[in-house]
file entry.cif (mmCIF, C-alpha atoms and all ligand atoms)
data_target
loop_
_atom_site.label_atom_id
_atom_site.label_comp_id
_atom_site.auth_asym_id
_atom_site.auth_seq_id
_atom_site.Cartn_x
_atom_site.Cartn_y
_atom_site.Cartn_z
CA VAL A 1 2.82 -32.95 -1.42
CA ALA A 2 3.31 -31.67 -4.92
CA GLU A 3 1.61 -28.44 -5.88
CA THR A 4 -1.31 -28.73 -8.26
CA PRO A 5 0.11 -27.80 -11.67
CA ILE A 6 -1.38 -24.69 -13.20
CA ASP A 7 -2.47 -25.30 -16.75
CA PRO A 8 -1.56 -22.52 -19.20
CA ASP A 9 -5.27 -22.30 -20.06
CA VAL A 10 -6.06 -21.49 -16.46
CA GLN A 11 -3.59 -18.64 -16.48
CA ALA A 12 -4.92 -17.42 -19.81
CA ALA A 13 -8.47 -17.41 -18.53
CA GLN A 14 -7.47 -15.57 -15.39
CA ALA A 15 -5.62 -12.98 -17.43
CA ARG A 16 -8.75 -11.97 -19.34
CA PRO A 17 -10.52 -9.48 -17.06
CA ASP A 18 -12.83 -8.46 -19.92
CA GLN A 19 -14.42 -11.90 -19.79
CA GLY A 20 -15.75 -11.26 -16.33
CA THR A 21 -14.19 -14.32 -14.79
CA ALA A 22 -12.60 -12.58 -11.82
CA ARG A 23 -14.77 -12.02 -8.77
CA SER A 24 -13.88 -10.57 -5.42
CA PRO A 25 -14.44 -13.42 -2.96
CA ASP A 26 -15.30 -10.89 -0.24
CA ALA A 27 -18.32 -9.80 -2.21
CA PHE A 28 -19.89 -13.20 -1.57
CA GLY A 29 -19.44 -13.57 2.17
CA THR A 30 -16.86 -16.32 1.87
CA GLY A 31 -14.12 -14.36 3.61
CA ALA A 32 -10.95 -13.54 1.76
CA ARG A 33 -10.69 -17.05 0.36
CA GLU A 34 -10.32 -17.87 -3.30
CA VAL A 35 -13.22 -20.03 -4.44
CA TRP A 36 -13.09 -22.08 -7.65
CA SER A 37 -15.81 -24.24 -9.14
CA VAL A 38 -15.51 -27.42 -11.20
CA VAL A 39 -18.54 -28.11 -13.40
CA LEU A 40 -18.83 -31.76 -14.44
CA ALA A 41 -20.28 -32.22 -17.91
CA ALA A 42 -18.44 -35.24 -19.30
CA GLY A 43 -21.25 -37.79 -18.94
CA SER A 44 -23.00 -39.50 -21.82
CA GLY A 45 -26.57 -39.26 -20.52
CA SER A 46 -27.37 -42.94 -21.02
CA ARG A 47 -30.64 -42.73 -19.06
CA PHE A 48 -31.67 -39.57 -20.87
CA GLY A 49 -30.70 -40.98 -24.27
CA ALA A 50 -28.52 -37.96 -25.14
CA ALA A 51 -25.76 -35.81 -23.67
CA LYS A 52 -28.36 -33.78 -21.77
CA GLN A 53 -25.86 -31.14 -20.63
CA PHE A 54 -25.66 -29.72 -24.16
CA LEU A 55 -29.43 -29.54 -24.74
CA ASP A 56 -31.43 -26.32 -24.71
CA LEU A 57 -33.15 -25.12 -21.56
CA ALA A 58 -35.06 -21.89 -22.12
CA GLY A 59 -32.66 -20.55 -24.72
CA ARG A 60 -29.33 -21.61 -23.19
CA SER A 61 -27.67 -24.97 -22.82
CA VAL A 62 -28.04 -26.84 -19.55
CA LEU A 63 -24.26 -26.53 -19.19
CA ASN A 64 -24.40 -22.78 -19.76
CA TRP A 65 -26.87 -22.34 -16.89
CA SER A 66 -24.62 -24.29 -14.54
CA VAL A 67 -21.41 -22.52 -15.57
CA SER A 68 -22.99 -19.06 -15.38
CA THR A 69 -24.24 -19.61 -11.88
CA ALA A 70 -20.94 -21.12 -10.75
CA ALA A 71 -19.07 -18.16 -12.26
CA SER A 72 -21.18 -15.68 -10.33
CA VAL A 73 -19.64 -16.83 -7.05
CA SER A 74 -16.20 -18.06 -8.14
CA ALA A 75 -12.79 -16.64 -9.03
CA GLY A 76 -12.80 -19.16 -11.88
CA VAL A 77 -14.60 -22.22 -13.23
CA VAL A 78 -13.08 -25.39 -14.68
CA ILE A 79 -15.42 -27.06 -17.18
CA VAL A 80 -15.09 -30.82 -17.70
CA VAL A 81 -16.56 -32.17 -20.96
CA PRO A 82 -16.20 -35.29 -23.14
CA ASP A 83 -13.03 -35.40 -25.22
CA SER A 84 -15.01 -34.74 -28.40
CA GLU A 85 -16.48 -31.51 -26.98
CA VAL A 86 -13.33 -29.88 -25.62
CA GLU A 87 -12.70 -27.72 -28.67
CA SER A 88 -16.22 -26.32 -28.99
CA ALA A 89 -16.46 -25.72 -25.24
CA ARG A 90 -13.22 -23.73 -25.40
CA GLU A 91 -14.78 -21.61 -28.12
CA GLY A 92 -17.98 -21.11 -26.17
CA PHE A 93 -16.65 -20.35 -22.70
CA ALA A 94 -13.96 -18.01 -21.38
CA PHE A 95 -12.96 -20.61 -18.81
CA PRO A 96 -10.48 -23.48 -18.73
CA VAL A 97 -11.91 -26.65 -20.29
CA VAL A 98 -10.57 -30.17 -19.77
CA ALA A 99 -11.58 -33.62 -21.01
CA GLY A 100 -13.29 -35.86 -18.46
CA GLY A 101 -12.96 -39.58 -17.88
CA ALA A 102 -15.03 -42.75 -18.04
CA THR A 103 -16.49 -42.24 -14.56
CA ARG A 104 -17.78 -39.19 -12.76
CA MET A 105 -14.92 -39.61 -10.31
CA ALA A 106 -12.31 -39.60 -13.08
CA SER A 107 -13.92 -36.46 -14.49
CA ALA A 108 -13.81 -34.79 -11.08
CA ALA A 109 -10.12 -35.71 -10.77
CA ALA A 110 -9.38 -34.16 -14.17
CA GLY A 111 -11.22 -30.99 -13.17
CA VAL A 112 -9.66 -30.64 -9.73
CA ALA A 113 -6.18 -31.08 -11.26
CA MET A 114 -6.85 -27.97 -13.39
CA VAL A 115 -7.79 -25.74 -10.46
CA PRO A 116 -4.91 -23.39 -9.68
CA SER A 117 -3.03 -24.01 -6.43
CA SER A 118 -4.12 -20.60 -5.14
CA ALA A 119 -7.71 -21.87 -4.73
CA GLU A 120 -8.66 -22.42 -1.09
CA VAL A 121 -12.23 -23.62 -1.54
CA ILE A 122 -13.35 -25.86 -4.42
CA LEU A 123 -17.01 -26.37 -5.33
CA ILE A 124 -17.87 -29.39 -7.46
CA HIS A 125 -21.13 -29.15 -9.37
CA ASP A 126 -23.00 -31.44 -11.73
CA ALA A 127 -23.77 -29.63 -14.98
CA ALA A 128 -26.99 -31.67 -14.92
CA ARG A 129 -28.28 -29.45 -12.07
CA PRO A 130 -28.82 -26.20 -13.99
CA LEU A 131 -31.26 -24.71 -11.47
CA ALA A 132 -28.93 -24.56 -8.45
CA SER A 133 -29.01 -20.91 -7.39
CA SER A 134 -26.12 -18.49 -6.82
CA GLN A 135 -27.35 -18.31 -3.25
CA LEU A 136 -26.83 -22.05 -2.85
CA PHE A 137 -23.30 -21.86 -4.28
CA GLN A 138 -22.62 -19.02 -1.87
CA THR A 139 -24.10 -20.86 1.12
CA VAL A 140 -22.01 -23.96 0.41
CA ALA A 141 -18.81 -21.97 -0.12
CA ALA A 142 -19.35 -19.91 3.02
CA ALA A 143 -19.97 -23.06 5.09
CA VAL A 144 -16.54 -24.49 4.22
CA GLY A 145 -14.19 -23.71 7.09
CA ASP A 146 -11.87 -25.10 9.74
CA ASP A 147 -14.62 -27.26 11.22
CA ALA A 148 -16.35 -28.06 7.94
CA LYS A 149 -13.98 -29.28 5.27
CA ALA A 150 -16.64 -31.08 3.22
CA VAL A 151 -20.06 -29.49 2.77
CA VAL A 152 -23.05 -31.05 1.01
CA PRO A 153 -26.47 -29.51 0.31
CA VAL A 154 -29.29 -31.89 1.20
CA VAL A 155 -33.08 -31.98 1.01
CA GLU A 156 -35.64 -34.08 2.80
CA VAL A 157 -36.93 -37.14 1.02
CA THR A 158 -40.63 -36.77 0.25
CA ASP A 159 -41.41 -40.22 -1.14
CA THR A 160 -42.17 -43.12 1.15
CA ILE A 161 -39.11 -45.34 0.88
CA ARG A 162 -39.07 -49.12 1.20
CA ASN A 163 -36.03 -51.36 1.10
CA LEU A 164 -35.91 -54.45 -1.11
CA ALA A 165 -37.26 -56.57 1.76
CA GLY A 166 -40.43 -54.46 1.57
CA GLU A 167 -39.88 -52.67 4.86
CA VAL A 168 -40.57 -48.94 5.13
CA VAL A 169 -37.40 -46.98 5.86
CA ASP A 170 -37.87 -43.99 8.17
CA ARG A 171 -37.49 -41.11 5.75
CA GLY A 172 -36.88 -38.73 8.65
CA GLU A 173 -33.46 -40.32 8.82
CA LEU A 174 -32.77 -39.79 5.12
CA ARG A 175 -31.58 -36.87 3.04
CA ALA A 176 -31.09 -36.61 -0.70
CA VAL A 177 -27.70 -35.14 -1.54
CA GLN A 178 -27.28 -32.44 -4.20
CA THR A 179 -24.48 -30.39 -5.71
CA PRO A 180 -22.64 -28.00 -5.52
CA GLN A 181 -20.56 -29.77 -2.89
CA GLY A 182 -17.87 -27.64 -1.25
CA PHE A 183 -14.45 -28.61 0.01
CA ASP A 184 -11.37 -27.27 1.64
CA ALA A 185 -9.11 -27.35 -1.43
CA ASN A 186 -6.25 -29.18 0.25
CA VAL A 187 -8.54 -31.83 1.71
CA LEU A 188 -10.01 -32.43 -1.74
CA ARG A 189 -6.59 -32.63 -3.40
CA HIS A 190 -5.42 -35.14 -0.78
CA ALA A 191 -8.57 -37.23 -1.28
CA HIS A 192 -7.84 -37.37 -5.01
CA GLU A 193 -4.26 -38.43 -4.36
CA ARG A 194 -5.53 -41.26 -2.19
CA LEU A 195 -7.98 -42.27 -4.90
CA ARG A 196 -5.17 -42.48 -7.40
CA ARG A 197 -3.33 -44.88 -5.10
CA ASP A 198 -6.36 -47.01 -4.17
CA ALA A 199 -8.34 -48.08 -7.21
CA GLY A 200 -10.67 -50.08 -4.94
CA ILE A 201 -12.60 -47.03 -3.74
CA VAL A 202 -15.87 -46.80 -5.69
CA VAL A 203 -18.15 -43.84 -4.99
CA THR A 204 -20.74 -41.76 -6.80
CA ASP A 205 -20.09 -38.32 -5.40
CA ASP A 206 -17.20 -36.23 -4.19
CA ALA A 207 -18.27 -36.10 -0.57
CA SER A 208 -18.11 -39.90 -0.43
CA TYR A 209 -14.43 -40.23 -1.23
CA VAL A 210 -13.54 -37.32 1.03
CA GLN A 211 -15.56 -39.00 3.78
CA ALA A 212 -13.73 -42.29 3.08
CA GLY A 213 -10.59 -40.48 4.25
CA GLY A 214 -12.14 -39.79 7.65
CA ILE A 215 -13.36 -36.24 6.99
CA PRO A 216 -16.85 -35.62 8.47
CA LEU A 217 -19.54 -34.14 6.25
CA THR A 218 -21.37 -30.94 7.04
CA MET A 219 -24.91 -30.67 5.70
CA VAL A 220 -26.52 -27.43 4.64
CA GLU A 221 -30.01 -26.89 3.31
CA GLY A 222 -30.31 -27.62 -0.40
CA GLU A 223 -33.08 -26.49 -2.73
CA SER A 224 -36.18 -28.42 -3.73
CA THR A 225 -35.93 -26.80 -7.17
CA ASN A 226 -32.33 -27.99 -7.65
CA ILE A 227 -33.32 -31.11 -9.57
CA LYS A 228 -30.87 -33.26 -11.49
CA ILE A 229 -31.80 -33.77 -15.11
CA THR A 230 -31.71 -37.54 -15.49
CA ASN A 231 -34.62 -38.54 -17.75
CA PRO A 232 -36.20 -36.64 -20.66
CA THR A 233 -39.21 -35.52 -18.59
CA ASP A 234 -36.82 -33.77 -16.18
CA LEU A 235 -35.99 -31.20 -18.85
CA ALA A 236 -39.66 -30.22 -19.13
CA VAL A 237 -39.89 -30.04 -15.34
CA ALA A 238 -36.78 -27.84 -15.23
CA GLU A 239 -38.29 -25.50 -17.82
CA ALA A 240 -41.40 -25.12 -15.67
CA LEU A 241 -39.35 -24.71 -12.48
CA LEU A 242 -37.30 -21.94 -14.05
CA GLU A 243 -40.26 -19.60 -13.70
CA VAL A 244 -40.49 -20.39 -10.02
CA VAL A 245 -36.75 -20.01 -9.54
CA THR A 246 -36.46 -16.71 -11.39
CA SER A 247 -39.49 -15.26 -9.58
CA GLY A 248 -37.50 -15.65 -6.35
CA ALA A 249 -40.29 -17.59 -4.67
CA ALA A 250 -38.40 -20.86 -4.77
CA ASN A 251 -37.65 -22.84 -1.64
CA GLU A 252 -39.17 -20.35 0.77
CA THR A 253 -41.40 -23.04 2.14
CA SER A 254 -38.86 -25.86 2.34
CA GLU A 255 -38.11 -26.99 5.85
CA VAL A 256 -35.11 -29.25 5.59
CA CYS A 257 -32.36 -29.52 8.21
N1 LIG U 301 -20.33 -36.85 -15.45
C1 LIG U 301 -19.02 -36.59 -15.86
N2 LIG U 301 -18.22 -37.64 -16.27
C2 LIG U 301 -18.70 -38.91 -16.26
C3 LIG U 301 -20.02 -39.17 -15.83
C4 LIG U 301 -20.81 -38.11 -15.42
O1 LIG U 301 -18.59 -35.44 -15.86
N3 LIG U 301 -17.90 -39.88 -16.69
C5 LIG U 301 -21.20 -35.70 -15.09
C6 LIG U 301 -22.45 -35.61 -15.94
O2 LIG U 301 -22.19 -34.92 -17.16
C7 LIG U 301 -23.44 -34.92 -15.04
C8 LIG U 301 -22.97 -35.29 -13.64
O3 LIG U 301 -21.68 -35.87 -13.77
O4 LIG U 301 -23.42 -33.50 -15.17
C9 LIG U 301 -23.94 -36.25 -12.95
O5 LIG U 301 -24.00 -37.47 -13.67
P1 LIG U 301 -25.31 -38.12 -14.28
O6 LIG U 301 -26.50 -37.30 -13.97
O7 LIG U 301 -25.30 -39.56 -13.90
O8 LIG U 301 -25.05 -37.93 -15.86
P2 LIG U 301 -24.63 -39.04 -16.91
O9 LIG U 301 -23.61 -39.93 -16.31
O10 LIG U 301 -24.30 -38.33 -18.17
O11 LIG U 301 -26.02 -39.81 -17.12
P3 LIG U 301 -26.25 -41.41 -17.08
O12 LIG U 301 -25.77 -41.88 -15.70
O13 LIG U 301 -27.71 -41.57 -17.28
O14 LIG U 301 -25.41 -41.98 -18.19
MG MG U 302 -24.07 -41.18 -14.59
#
call {"tool": "encode", "arguments": {"input": "entry.cif", "output": "structure tokens", "more": "lines below"}}
Ligand code: CTP
Ligand code: MG
result
Amino acid sequence: VAETPIDPDVQAAQARPDQGTARSPDAFGTGAREVWSVVLAAGSGSRFGAAKQFLDLAGRSVLNWSVSTAASVSAGVVIVVPDSEVESAREGFAFPVVAGGATRMASAAAGVAMVPSSAEVILIHDAARPLASSQLFQTVAAAVGDDAKAVVPVVEVTDTIRNLAGEVVDRGELRAVQTPQGFDANVLRHAHERLRRDAGIVVTDDASYVQAGGIPLTMVEGESTNIKITNPTDLAVAEALLEVVTSGAANETSEVC
């Protein structure tokens, strides 16, 4: 298995201690392992009607919220943006930036390829989930281990769900899956290699293609406030939720898992 190539930008970012990119993994309860995050922000926001990741949320871009939180628990962050945004993202962030692809999966592959080979745990996060807390990143990273090579945060489904035949589906059996999703770095790299060979695999999140390779998923408790910004109203909801999140009262009453 070939080593993941280290992009010169990665090395440059790592060599800038003044930018605050380096974190001691031990400080976050993840053992002595090197944790990297990949933040996916290369979508076009077709449902939103705009590239939502670059819009303002309480004075910072949605992307900035996601990257800042990821950085607080990571040795480094790879930021994946549309081709047209690579230059400005490089100016705005002291982290490696790479152009994404036409699908979320292609963007994830581009991001993972930029993570240095020294990384042992890789967290993949949707930029469109700006309210995921540092604690959640830390919980997911800490859960990755010998018996848990793919970790997903999940929440209970609160709506009553019916299938297209009109039958109620037992929501006790269902969980909504969030990001950040955490992986043993080698398992994730192998999953991406397999994806490159087999174009027939179509999935919407990273856990799915890892699972397709026979790796079981480990679920940890997600956060009810960790919404994905999909439609324009979600941005207003996120703004309101920010007060709850920053007051520290978030999720104390959630009872998932
Ligand atoms: N994403 C990406 N590359 C793609 C598609 C999506 O990096 N080719 C990212 C998005 O920027 C987002 C996350 O994956 O942060 C989750 O995707 P989604 O919420 O579906 O965002 P979009 O694909 O941009 O929105 P839409 O599906 O409405 O077009
Ligand atoms: Mg999409």
call {"tool": "residues_around", "arguments": {"input": "entry.cif", "residues": "region 134-151 of chain A", "least_positions_apart": "5", "cutoff": "10 Å", "atoms": "only C-alpha atoms", "output": "PyMOL selection string"}}
result
chain A and resi 25+28-31+33-37+66+68-74+120-125+179-188+206-208+210-211+215-223+226
call {"tool": "residues_near_ligand", "arguments": {"input": "entry.cif", "ligand": "ligand LIG 301 (chain U)", "cutoff": "6 Å", "atoms": "only C-alpha atoms and all ligand atoms", "output": "PyMOL selection string"}}
result
chain A and resi 40-48+100-104+107+126-128+230
call {"tool": "closest_residue", "arguments": {"input": "entry.cif", "among": "A:Ile229, A:Ile79, A:Ala176, A:Val62", "to": "ligand MG 302 (chain U)", "atoms": "all atoms listed in the file"}}
result
A:Ile229
call {"tool": "residues_around", "arguments": {"input": "entry.cif", "residues": "Val78 (chain A)", "least_positions_apart": "2", "cutoff": "7 Å", "atoms": "all atoms listed in the file", "output": "list in words"}}
result
Ser37, Val38, Val39, Gly76, Val80, Phe95, Pro96, Val97, Gly111, Met114 and Val115 of chain A
call {"tool": "closest_residue", "arguments": {"input": "entry.cif", "among": "A:Ala106, A:Ile201, A:Ala119, A:Asp83", "to": "ligand MG 302 (chain U)", "atoms": "all atoms listed in the file"}}
result
A:Ala106
call {"tool": "closest_residue", "arguments": {"input": "entry.cif", "among": "A:Ala212, A:Val203, A:Val154, A:Ala238", "to": "Ala108 (chain A)", "atoms": "only C-alpha atoms"}}
result
A:Val203
call {"tool": "closest_residue", "arguments": {"input": "entry.cif", "among": "A:Gln53, A:Ser133, A:Asn64, A:Thr158", "to": "ligand MG 302 (chain U)", "atoms": "only C-alpha atoms and all ligand atoms"}}
result
A:Gln53
call {"tool": "atom_distance", "arguments": {"input": "entry.cif", "atom1": "CA of Gln178 (chain A)", "atom2": "CA of Val157 (chain A)"}}
result
11.9 Å
call {"tool": "build_atoms", "arguments": {"input": "entry.cif", "residues": "region 50-64 of chain A", "atoms": "N, CA and C atoms", "output": "CSV table (one decimal), in the frame of the given file"}}
result
chain,number,residue,atom,x,y,z
A,50,ALA,N,-29.3,-39.0,-24.4
A,50,ALA,CA,-28.5,-38.0,-25.1
A,50,ALA,C,-27.6,-37.3,-24.1
A,51,ALA,N,-26.6,-36.6,-24.6
A,51,ALA,CA,-25.8,-35.8,-23.7
A,51,ALA,C,-26.6,-34.6,-23.3
A,52,LYS,N,-27.4,-34.8,-22.2
A,52,LYS,CA,-28.4,-33.8,-21.8
A,52,LYS,C,-27.8,-32.4,-21.4
A,53,GLN,N,-26.5,-32.4,-21.0
A,53,GLN,CA,-25.9,-31.1,-20.6
A,53,GLN,C,-25.7,-30.1,-21.8
A,54,PHE,N,-25.8,-30.6,-23.0
A,54,PHE,CA,-25.7,-29.7,-24.2
A,54,PHE,C,-27.0,-29.3,-24.8
A,55,LEU,N,-28.1,-29.8,-24.2
A,55,LEU,CA,-29.4,-29.5,-24.7
A,55,LEU,C,-29.9,-28.2,-24.3
A,56,ASP,N,-30.9,-27.7,-25.0
A,56,ASP,CA,-31.4,-26.3,-24.7
A,56,ASP,C,-32.4,-26.3,-23.5
A,57,LEU,N,-32.2,-25.4,-22.7
A,57,LEU,CA,-33.2,-25.1,-21.6
A,57,LEU,C,-33.5,-23.6,-21.6
A,58,ALA,N,-34.6,-23.3,-22.1
A,58,ALA,CA,-35.1,-21.9,-22.1
A,58,ALA,C,-34.0,-21.0,-22.8
A,59,GLY,N,-33.5,-21.4,-23.9
A,59,GLY,CA,-32.7,-20.6,-24.7
A,59,GLY,C,-31.2,-20.7,-24.5
A,60,ARG,N,-30.8,-21.4,-23.4
A,60,ARG,CA,-29.3,-21.6,-23.2
A,60,ARG,C,-29.1,-23.1,-22.9
A,61,SER,N,-27.9,-23.6,-23.1
A,61,SER,CA,-27.7,-25.0,-22.8
A,61,SER,C,-27.7,-25.2,-21.3
A,62,VAL,N,-28.0,-26.4,-21.0
A,62,VAL,CA,-28.0,-26.8,-19.6
A,62,VAL,C,-26.7,-26.5,-18.9
A,63,LEU,N,-25.6,-26.8,-19.7
A,63,LEU,CA,-24.3,-26.5,-19.2
A,63,LEU,C,-24.0,-25.0,-19.0
A,64,ASN,N,-24.6,-24.2,-19.9
A,64,ASN,CA,-24.4,-22.8,-19.8
A,64,ASN,C,-25.0,-22.3,-18.5
